[in-house]
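One structure is given here, and the rest of the page talks about it.
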Amino acid sequence: MSTQTNQQVRLASRPVGLPTSDNWQLVEEPLAPLEEGQVRVKVLYLSLDPAMRGWMNEGKSYIRPVAIGETMRAGAVGRVVESRSGRFAVGEHVSGAFGVQRFWTGAADDQGNPLVKIDPALASLPAWLNVLGMPGMTAYFGLLEVGQPKAGETVVVSAAAGAVGMTVGQVAKHLGCRVVGIAGGADKCRFVVEQLGFDACIDYKEGQVAQGLKQHCPNGVDVYFDNVGGEILDTVLTRINMKARIVICGAISQYNNTAPVRGPANYLSLLVNRARMEGMVVFDFAPRYPEAVARLAQWLREGSFKSREHVVEGLENFPAALLMLFEGKNFGKLVLKIADA
Ligand SMILES: NC(=O)c1ccc[n+]([C@@H]2O[C@H](COP(=O)([O-])OP(=O)(O)OC[C@H]3O[C@@H](n4cnc5c(N)ncnc54)[C@H](OP(=O)(O)O)[C@@H]3O)[C@@H](O)[C@H]2O)c1
């Protein structure tokens with residue numbers, strides 16, 4: 001492939017259940033010359049997100065579905081390699097919704113897909129897709145604005161070793177909360193406690209979530225940050241306190257269901273406990289991202305906060321890499337390396 005050629009992974013068909021290789025098409029095409037006001041970005045790292053599964057479906061959601069034949073939507077970081085805009089110089093690092101492709105070309109001032117300068121001296125490029133990127137923003141605003149934890153309260157978070165979960169737990173520790181994670185497997189649980197400083201972690205694959213909550217949340221659960229939905233959500237609902245807050249961030253256990261989504265059977269616990277369950281979408285907080293980035297970057301710099309990424313290489317490996325999220329094979333934020341910086 002010459003530098004004048006782009007490669008893209010496009011959506012070929014809509015999946016039923018888990019995506020398969022048939023749902024994707026790898027396409028190669030020449031790069032058009034830049035127009036006035038445009039920039040070209042060489043994509044270096046792509047963010048692989050559970051939400052991608054939802055974007056592949058037809059139907060109304062918080063964002064329009066990816067169309068058949070369209071390049072798959074993806075957040076990414078990259079380097080400006082050509083510019084016909086005074087706003088961005090060649091060599092600068094930027095983040096944006098560049099899609100699953102090697103080069104992104106677009107207007108420097110596109111309000112619908114804003115280009116944001118990032119500083120690789122502040123944190124590694126993959127960390128800009130994690131703690132300082134979309135998952136970090138989700139965790140930060142979802143916890144603070146919807147969860148509203150107070151010092152001394154107990155915060156439980158599922159998918160605790162993943163991108164959103166690791167930041168939720170660490171922010172909650174910074175606020176003086178008791179933090180209990182739920183994750184799949186002994187290694188992830190050990191990491192969450194020993195490296196991230198959570199107070200405890202329950203291995204749901206051992207099938208002892210109810211027992212673990214009883215043991216590790218002796219004062220009940222004040223905030224549950226839900227990343228997985230399904231049975232784990234139902235179990236946590238049995239342990240919530242009066243006026244508890246449940247943050248509906250995601251429900252990864254349900255995304256590939258061919259049967260209807262399983263809702264919380266124990267929802268009457270909300271009534272009994274005068275509790276609240278509220279959904280959040282990170283994009284609503286976009287104007288406030290700089291405030292979160294400044295605080296999280298400060299903690300990273302001080303060494304009181306960790307960012308862990310799981311890097312897989314190669315654009316052509318996108319279809320297989322995406323599935324890792326649904327099998328719990330990612331250990332930390334899953335990113336796909338597309339090119340050397
Ligand atoms: N609302 C928003 O604006 C927003 C924004 C970003 C992300 N999210 C949501 O946040 C959640 C976490 O996303 P992320 O990017 O941080 O992913 P992640 O946690 O880094 O990766 C997904 C993890 O989910 C766990 N998982 C997969 N299938 C599961 C199942 N059936 N039951 C329980 N756990 C399962 C796996 O961890 P284990 O090995 O521990 O099982 C896997 O590693 C997702 O639900 C995502 O959709 C929402």
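Ligands are numbered from 1 in the order shown, chains are lettered A, B, ... in the order of the structure tokens, and residues start at 1 in each chain.
Around Leu237 in chain A, within 9 Å and counting only C-alpha atoms, the residues found are Val221, Tyr224, Ile246, Pro264, Asn266, Tyr267, Leu268, Ser269 and Leu270 of chain A, once anything fewer than 6 positions away on its own chain is removed.
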Residues contacting ligand 1 - anything with an atom at most 8 Å away, using only C-alpha atoms and all ligand atoms - can you give me those as a PyMOL selection string?
chain A and resi 48-51+134-135+138-139+142+158-166+182-185+188+203-205+226-230+232+248-254+279-283+324-334
Would you list, as JSON, numbers by chain, the residues of range 31-275 of chain A that end up in strand (DSSP E or B) under DSSP run on this structure's backbone?
{"A": [38, 39, 40, 41, 42, 43, 44, 45, 46, 47, 71, 76, 77, 78, 79, 80, 81, 82, 83, 93, 94, 95, 96, 101, 103, 104, 105, 106, 107, 116, 117, 154, 155, 156, 157, 158, 178, 179, 180, 181, 182, 183, 200, 201, 202, 203, 221, 222, 223, 224, 225, 226, 240, 241, 242, 243, 244, 245, 246, 247, 248]}
DSSP on the backbone: what in range 2-117 of chain A comes out helix (DSSP H, G or I), as a list of chain:residue names?
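After running DSSP on the backbone, range 2-117 of chain A has helix (DSSP H, G or I) at A:Ser21, A:Asp22, A:Asn23, A:Ala51, A:Met52, A:Arg53, A:Gly54, A:Trp55.
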For Met277 in chain A, which of A:Tyr289, A:Val146, A:Cys189, A:Gly212 is the closest residue, counting only C-alpha atoms?
A:Val146
Set the distance at 10 Å and use only C-alpha atoms: which residues neighbour range 299-305 of chain A once local chain neighbours fewer than 6 positions away are removed? I'd like the list as a list in words.
Leu122, Ala123, Val131, Leu132, Met166, Thr167, Gln170, Val171, Lys173, His174, Gln195, Leu196, Gly197 and Val293 of chain A
Quote the spacing between CA of Gly263 in chain A and CA of Ala286 in chain A in Å to one decimal place.
28.8 Å
Contact residues around range 55-57 of chain A with only C-alpha atoms at 10 Å, ignoring same-chain residues under 5 positions, as a PyMOL selection string:
chain A and resi 11-16+19+23+50+62-68+72-73
Distance query range 94-109 of chain A at most 8 Å, only C-alpha atoms, self and fewer than 2 positions along chain excluded, as a VMD selection string:
chain A and resid 6 to 10 34 37 to 44 46 71 to 80 85 87 to 88 92 111 113 to 118 315 318 338 to 339
Residues from last step as file, C-alpha atoms, as a tab-separated table (two decimals), in the first residue's frame:
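Done, and the output landed in selection-v2.tsv:
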chain	number	residue	atom	x	y	z
A	6	ASN	CA	-6.18	4.49	2.20
A	7	GLN	CA	-7.54	1.28	3.70
A	8	GLN	CA	-10.89	1.17	5.44
A	9	VAL	CA	-12.96	-1.41	7.26
A	10	ARG	CA	-16.56	-0.91	6.19
A	34	LEU	CA	-6.75	17.97	0.18
A	37	GLY	CA	-9.61	24.04	5.08
A	38	GLN	CA	-9.03	20.28	5.27
A	39	VAL	CA	-6.46	18.25	7.17
A	40	ARG	CA	-5.28	14.68	6.77
A	41	VAL	CA	-4.57	12.57	9.83
A	42	LYS	CA	-2.57	9.37	9.89
A	43	VAL	CA	-4.44	7.14	12.32
A	44	LEU	CA	-2.07	5.67	14.92
A	46	LEU	CA	-8.05	3.15	17.32
A	71	THR	CA	-16.50	3.07	7.16
A	72	MET	CA	-16.98	1.79	10.70
A	73	ARG	CA	-17.13	4.60	13.24
A	74	ALA	CA	-14.30	4.65	15.79
A	75	GLY	CA	-12.61	7.11	18.09
A	76	ALA	CA	-8.88	7.38	17.44
A	77	VAL	CA	-5.69	9.32	17.90
A	78	GLY	CA	-3.33	10.21	15.10
A	79	ARG	CA	-0.87	12.68	13.66
A	80	VAL	CA	-1.55	15.44	11.16
A	85	SER	CA	-5.86	24.79	7.58
A	87	ARG	CA	-5.63	25.60	12.86
A	88	PHE	CA	-3.54	22.42	12.62
A	92	GLU	CA	0.56	17.75	15.68
A	111	GLN	CA	-18.36	20.82	14.44
A	113	ASN	CA	-16.58	15.66	14.27
A	114	PRO	CA	-14.30	17.98	16.20
A	115	LEU	CA	-10.56	17.53	15.98
A	116	VAL	CA	-8.92	17.95	19.37
A	117	LYS	CA	-5.21	18.56	19.88
A	118	ILE	CA	-3.64	16.17	22.38
A	315	LEU	CA	-6.12	-2.69	10.87
A	318	PHE	CA	-10.18	-5.19	13.71
A	338	ILE	CA	-2.65	1.03	13.16
A	339	ALA	CA	0.74	2.61	12.54
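From CA of Pro287 in chain A back to CA of Gly112 in chain A, the distance works out to 13.4 Å.
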Which of these residues is nearest to Gly136 in chain A, using only C-alpha atoms: A:Val81, A:Ala121, A:Val272, A:Val168?
A:Val168
Can you list, as a PyMOL selection string, every protein, DNA or RNA residue that comes within 7 Å of Met242 in chain A when you count only C-alpha atoms, leaving out same-chain residues fewer than 4 positions away?
chain A and resi 273-275
